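For reference, run.pdb is printed below; it contains PDB, C-alpha atoms.
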```
ATOM      1  CA  MET U  16      79.488 102.024  84.357
ATOM      2  CA  GLN U  17      82.282  99.512  84.807
ATOM      3  CA  TYR U  18      85.223 100.144  87.110
ATOM      4  CA  LEU U  19      88.411  98.175  87.578
ATOM      5  CA  LEU U  20      89.601  97.929  91.160
ATOM      6  CA  LEU U  21      93.322  97.213  90.988
ATOM      7  CA  VAL U  22      94.558  95.578  94.187
ATOM      8  CA  TYR U  23      98.099  96.460  95.238
ATOM      9  CA  THR U  24      99.779  94.879  98.255
ATOM     10  CA  ASP U  25     102.978  95.521 100.178
ATOM     11  CA  ASP U  26     104.724  92.253 101.054
ATOM     12  CA  MET U  27     106.241  93.792 104.184
ATOM     13  CA  LEU U  28     102.781  94.685 105.500
ATOM     14  CA  LEU U  29     101.438  91.245 104.572
ATOM     15  CA  ASP U  30     104.369  89.566 106.325
ATOM     16  CA  GLY U  31     103.631  91.661 109.430
ATOM     17  CA  LEU U  32     100.099  90.282 109.830
ATOM     18  CA  ALA U  33      99.412  88.097 112.853
ATOM     19  CA  ASP U  34      99.243  84.338 112.309
ATOM     20  CA  GLY U  35      96.017  83.429 110.535
ATOM     21  CA  GLU U  36      95.095  87.067 109.792
ATOM     22  CA  PHE U  37      95.750  86.760 106.049
ATOM     23  CA  ASP U  38      93.471  83.730 105.837
ATOM     24  CA  ARG U  39      90.745  85.564 107.808
ATOM     25  CA  MET U  40      91.055  88.564 105.483
ATOM     26  CA  MET U  41      90.951  86.351 102.389
ATOM     27  CA  ARG U  42      87.950  84.389 103.675
ATOM     28  CA  GLY U  43      86.035  87.624 104.333
ATOM     29  CA  CYS U  44      87.077  89.020 100.958
ATOM     30  CA  LEU U  45      85.841  85.910  99.119
ATOM     31  CA  GLN U  46      82.551  85.913 101.034
ATOM     32  CA  HIS U  47      82.090  89.590 100.170
ATOM     33  CA  ALA U  48      82.933  88.807  96.517
ATOM     34  CA  ASP U  49      80.272  86.082  96.481
ATOM     35  CA  ALA U  50      77.673  88.581  97.751
ATOM     36  CA  LEU U  51      78.709  91.226  95.200
ATOM     37  CA  ARG U  52      78.605  88.652  92.393
ATOM     38  CA  ALA U  53      75.146  87.489  93.500
ATOM     39  CA  ASP U  54      73.754  91.033  93.268
ATOM     40  CA  GLY U  55      75.393  91.633  89.870
ATOM     41  CA  THR U  56      77.953  94.193  91.069
ATOM     42  CA  LEU U  57      81.074  92.038  90.754
ATOM     43  CA  LEU U  58      81.591  90.959  87.143
ATOM     44  CA  ASP U  59      84.948  89.210  87.537
ATOM     45  CA  PHE U  60      87.980  89.046  89.795
ATOM     46  CA  GLN U  61      91.348  87.325  89.779
ATOM     47  CA  GLN U  62      94.460  87.165  91.890
ATOM     48  CA  LEU U  63      97.913  87.363  90.364
ATOM     49  CA  GLU U  64     100.936  85.250  91.178
ATOM     50  CA  PRO U  65     103.740  87.150  92.992
ATOM     51  CA  ALA U  66     105.531  89.948  91.155
ATOM     52  CA  SER U  67     108.698  87.836  91.242
ATOM     53  CA  THR U  68     107.075  85.586  88.585
ATOM     54  CA  ALA U  69     106.418  88.497  86.193
ATOM     55  CA  LYS U  70     108.104  89.221  82.890
ATOM     56  CA  SER U  71     108.140  92.656  81.262
ATOM     57  CA  VAL U  72     108.151  93.047  77.477
ATOM     58  CA  ARG U  73     109.380  96.322  75.985
ATOM     59  CA  THR U  74     110.059  97.336  72.393
ATOM     60  CA  ARG U  75     112.220 100.385  71.802
ATOM     61  CA  ASP U  76     113.777 101.469  68.515
ATOM     62  CA  GLY U  77     112.604  98.221  66.895
ATOM     63  CA  ARG U  78     114.297  96.036  69.528
ATOM     64  CA  THR U  79     112.221  93.877  71.878
ATOM     65  CA  GLN U  80     113.444  92.832  75.309
ATOM     66  CA  VAL U  81     111.889  90.388  77.771
ATOM     67  CA  LEU U  82     113.061  91.106  81.300
ATOM     68  CA  ASP U  83     112.375  89.482  84.657
ATOM     69  CA  GLY U  84     110.022  91.261  86.993
ATOM     70  CA  PRO U  85     107.855  94.337  86.856
ATOM     71  CA  PHE U  86     110.765  96.641  87.795
ATOM     72  CA  SER U  87     108.460  98.891  89.736
ATOM     73  CA  GLU U  88     109.883 101.607  91.960
ATOM     74  CA  THR U  89     107.184 101.075  94.562
ATOM     75  CA  LYS U  90     106.818  98.722  97.515
ATOM     76  CA  GLU U  91     103.268  97.937  96.462
ATOM     77  CA  MET U  92     102.854  95.393  93.683
ATOM     78  CA  LEU U  93      99.774  94.567  91.639
ATOM     79  CA  ALA U  94      98.190  91.507  93.262
ATOM     80  CA  GLY U  95      94.843  91.227  91.490
ATOM     81  CA  PHE U  96      91.765  92.983  90.201
ATOM     82  CA  ASN U  97      88.009  93.246  90.569
ATOM     83  CA  LEU U  98      85.841  94.271  87.638
ATOM     84  CA  ILE U  99      82.634  95.821  88.943
ATOM     85  CA  GLU U 100      79.507  97.528  87.686
ATOM     86  CA  ALA U 101      78.682 100.663  89.696
ATOM     87  CA  ASP U 102      76.237 103.523  89.257
ATOM     88  CA  SER U 103      78.854 106.130  90.157
ATOM     89  CA  GLU U 104      82.465 106.689  91.102
ATOM     90  CA  GLU U 105      81.306 107.180  94.692
ATOM     91  CA  GLU U 106      79.735 103.702  94.712
ATOM     92  CA  ALA U 107      82.912 102.205  93.210
ATOM     93  CA  LEU U 108      84.975 103.904  95.933
ATOM     94  CA  ARG U 109      82.651 102.538  98.638
ATOM     95  CA  ILE U 110      83.118  99.035  97.254
ATOM     96  CA  ALA U 111      86.905  99.509  97.163
ATOM     97  CA  GLN U 112      86.916 100.726 100.778
ATOM     98  CA  ALA U 113      85.250  97.483 101.861
ATOM     99  CA  LEU U 114      88.168  95.387 100.584
ATOM    100  CA  PRO U 115      90.563  94.355 103.366
ATOM    101  CA  TRP U 116      93.596  94.949 101.160
ATOM    102  CA  THR U 117      93.435  98.696 101.811
ATOM    103  CA  ARG U 118      95.217  97.728 105.070
ATOM    104  CA  THR U 119      98.153  96.046 103.309
ATOM    105  CA  GLY U 120      98.415  98.165 100.179
ATOM    106  CA  CYS U 121      95.883 100.153  98.201
ATOM    107  CA  ILE U 122      93.002  99.789  95.780
ATOM    108  CA  GLU U 123      93.217 101.853  92.593
ATOM    109  CA  VAL U 124      89.761 102.639  91.187
ATOM    110  CA  ARG U 125      89.654 103.315  87.441
ATOM    111  CA  PRO U 126      86.744 103.669  85.028
ATOM    112  CA  VAL U 127      86.791 101.161  82.184
ATOM    113  CA  ARG U 128      86.842 102.799  78.754
ATOM    114  CA  ASP U 129      84.114 101.871  76.298
ATOM    115  CA  VAL U 130      86.151  99.995  73.677
ATOM    116  CA  GLY U 131      83.094  99.849  71.397
ATOM    117  CA  ALA U 132      83.110 103.639  71.191
ATOM    118  CA  VAL U 133      86.858 103.634  70.492
ATOM    119  CA  ARG U 134      86.383 101.001  67.808
ATOM    120  CA  ALA U 135      83.674 103.088  66.138
ATOM    121  CA  ARG U 136      85.809 106.244  66.335
ATOM    122  CA  VAL U 137      88.844 104.669  64.704
ATOM    123  CA  GLY U 138      86.851 102.596  62.204
ATOM    124  CA  ALA U 139      88.067  99.189  63.338
TER     125      ALA U 139
END
```

This structure in structure tokens:
Amino acid sequence: MQYLLLVYTDDMLLDGLADGEFDRMMRGCLQHADALRADGTLLDFQQLEPASTAKSVRTRDGRTQVLDGPFSETKEMLAGFNLIEADSEEEALRIAQALPWTRTGCIEVRPVRDVGAVRARVGA
């Protein structure tokens, strides 16, 4: 089953890291990603630009607005994702726990819905 590991970070915690610690964490994370990709567990991953670069699009009552930022009420902002293949939720959680970003935010683990099944159900 596929799982999406959503990486959230808190800029205040990142800013509080010792000099060079972010680079050490990132280096270890990328090396771990290479190993997971080599064994077929990691399907894809990407980082996102800072939340300050985001735009939010909303349509209400037929009116569309494009606003700056994610306007989230949390300190933690979405920073990236990892798409993995795991045999169980427990395995997906173990993989998430190995990411260093649990120290500066959190990793949300969510099963990926089978869009093929949805497509068949709705006749698309």

Nearest candidate to Ala94 of chain U (options U:Arg73, U:Glu36, U:Thr68, U:Leu82; using only C-alpha atoms): U:Thr68

Hits of the PyMOL selection byres ((chain U and resi 66) around 10) in this structure, as a PyMOL selection string: chain U and resi 63-65+67-70+83-87+91-94

Print the selection's residues with C-alpha atoms to a file, as a PDB file, in the coordinates of the input.
```pdb
ATOM      1  CA  LEU U  63      97.913  87.363  90.364  1.00  0.00           C
ATOM      2  CA  GLU U  64     100.936  85.250  91.178  1.00  0.00           C
ATOM      3  CA  PRO U  65     103.740  87.150  92.992  1.00  0.00           C
ATOM      4  CA  SER U  67     108.698  87.836  91.242  1.00  0.00           C
ATOM      5  CA  THR U  68     107.075  85.586  88.585  1.00  0.00           C
ATOM      6  CA  ALA U  69     106.418  88.497  86.193  1.00  0.00           C
ATOM      7  CA  LYS U  70     108.104  89.221  82.890  1.00  0.00           C
ATOM      8  CA  ASP U  83     112.375  89.482  84.657  1.00  0.00           C
ATOM      9  CA  GLY U  84     110.022  91.261  86.993  1.00  0.00           C
ATOM     10  CA  PRO U  85     107.855  94.337  86.856  1.00  0.00           C
ATOM     11  CA  PHE U  86     110.765  96.641  87.795  1.00  0.00           C
ATOM     12  CA  SER U  87     108.460  98.891  89.736  1.00  0.00           C
ATOM     13  CA  GLU U  91     103.268  97.937  96.462  1.00  0.00           C
ATOM     14  CA  MET U  92     102.854  95.393  93.683  1.00  0.00           C
ATOM     15  CA  LEU U  93      99.774  94.567  91.639  1.00  0.00           C
ATOM     16  CA  ALA U  94      98.190  91.507  93.262  1.00  0.00           C
TER      17      ALA U  94
END
```

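For Leu45 of chain U, the list of residues within 12 Å, based on all atoms listed in the file and with local chain neighbours fewer than 4 positions off taken out, reads Asp38, Arg39, Met40, Met41, Asp49, Ala50, Leu51, Arg52, Leu57, Phe60, Gln61, Gln62, Asn97, Ala113, Leu114 and Pro115 of chain U.
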
So that I have them on file, write out the residues from the current selection with C-alpha atoms, as a PDB file, in the coordinates of the input.
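The resulting file, selection_10.pdb, is reproduced below:
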```
ATOM      1  CA  ASP U  38      93.471  83.730 105.837  1.00  0.00           C
ATOM      2  CA  ARG U  39      90.745  85.564 107.808  1.00  0.00           C
ATOM      3  CA  MET U  40      91.055  88.564 105.483  1.00  0.00           C
ATOM      4  CA  MET U  41      90.951  86.351 102.389  1.00  0.00           C
ATOM      5  CA  ASP U  49      80.272  86.082  96.481  1.00  0.00           C
ATOM      6  CA  ALA U  50      77.673  88.581  97.751  1.00  0.00           C
ATOM      7  CA  LEU U  51      78.709  91.226  95.200  1.00  0.00           C
ATOM      8  CA  ARG U  52      78.605  88.652  92.393  1.00  0.00           C
ATOM      9  CA  LEU U  57      81.074  92.038  90.754  1.00  0.00           C
ATOM     10  CA  PHE U  60      87.980  89.046  89.795  1.00  0.00           C
ATOM     11  CA  GLN U  61      91.348  87.325  89.779  1.00  0.00           C
ATOM     12  CA  GLN U  62      94.460  87.165  91.890  1.00  0.00           C
ATOM     13  CA  ASN U  97      88.009  93.246  90.569  1.00  0.00           C
ATOM     14  CA  ALA U 113      85.250  97.483 101.861  1.00  0.00           C
ATOM     15  CA  LEU U 114      88.168  95.387 100.584  1.00  0.00           C
ATOM     16  CA  PRO U 115      90.563  94.355 103.366  1.00  0.00           C
TER      17      PRO U 115
END
```

Atom CA of Leu108 of chain U to atom CA of Tyr23 of chain U, straight-line distance in Å: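 Result for atom CA of Tyr23 of chain U versus atom CA of Leu108 of chain U: 15.1 Å, one decimal.
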
The PyMOL selection byres ((chain U and resi 127-138) around 12) applied to the shown file, residues as a short mmCIF file (atom, residue, chain, number, x, y, z; two decimals) with C-alpha atoms, in the coordinates of the input:
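For reference, part_32.cif as written:
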```cif
data_model
loop_
_atom_site.label_atom_id
_atom_site.label_comp_id
_atom_site.auth_asym_id
_atom_site.auth_seq_id
_atom_site.Cartn_x
_atom_site.Cartn_y
_atom_site.Cartn_z
CA MET U 16 79.49 102.02 84.36
CA GLN U 17 82.28 99.51 84.81
CA TYR U 18 85.22 100.14 87.11
CA LEU U 19 88.41 98.18 87.58
CA LEU U 20 89.60 97.93 91.16
CA LEU U 21 93.32 97.21 90.99
CA ASN U 97 88.01 93.25 90.57
CA LEU U 98 85.84 94.27 87.64
CA ILE U 99 82.63 95.82 88.94
CA GLU U 100 79.51 97.53 87.69
CA ALA U 101 78.68 100.66 89.70
CA GLU U 104 82.46 106.69 91.10
CA ALA U 107 82.91 102.20 93.21
CA VAL U 124 89.76 102.64 91.19
CA ARG U 125 89.65 103.32 87.44
CA PRO U 126 86.74 103.67 85.03
CA ALA U 139 88.07 99.19 63.34
#
```

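If you look at atom CA of Asp59 of chain U and atom CA of Asp30 of chain U, they are 27.0 Å away from each other.
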
Coordinates-based distance that separates atom CA of Arg118 of chain U from atom CA of Gly31 of chain U (Å, one decimal):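 Straight-line distance from atom CA of Gly31 of chain U to atom CA of Arg118 of chain U works out to 11.3 Å.
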
Among the residues U:Val22, U:Val81, U:Val72, U:Ile110, the one that comes closest to Gly95 of chain U [using all atoms listed in the file]: U:Val22

Show me, as lines of an AutoDock Vina configuration file, the centre and edge lengths in Å to one decimal of the axis-aligned box that covers every listed atom of segment 21-27 of chain U with 8 Å on each side.
```
center_x = 99.8
center_y = 94.7
center_z = 97.6
size_x = 28.9
size_y = 21.0
size_z = 29.2
```

Spell out the residues picked by the PyMOL selection byres ((chain U and resi 26) around 8) here, as an mmCIF file with C-alpha atoms, keeping the file's coordinate frame.
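This is the output file out_7.cif:
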```
data_model
loop_
_atom_site.group_PDB
_atom_site.id
_atom_site.type_symbol
_atom_site.label_atom_id
_atom_site.label_comp_id
_atom_site.auth_asym_id
_atom_site.auth_seq_id
_atom_site.Cartn_x
_atom_site.Cartn_y
_atom_site.Cartn_z
ATOM 1 C CA THR U 24 99.779 94.879 98.255
ATOM 2 C CA ASP U 25 102.978 95.521 100.178
ATOM 3 C CA MET U 27 106.241 93.792 104.184
ATOM 4 C CA LEU U 28 102.781 94.685 105.500
ATOM 5 C CA LEU U 29 101.438 91.245 104.572
ATOM 6 C CA ASP U 30 104.369 89.566 106.325
ATOM 7 C CA LYS U 90 106.818 98.722 97.515
ATOM 8 C CA GLU U 91 103.268 97.937 96.462
ATOM 9 C CA THR U 119 98.153 96.046 103.309
#
```
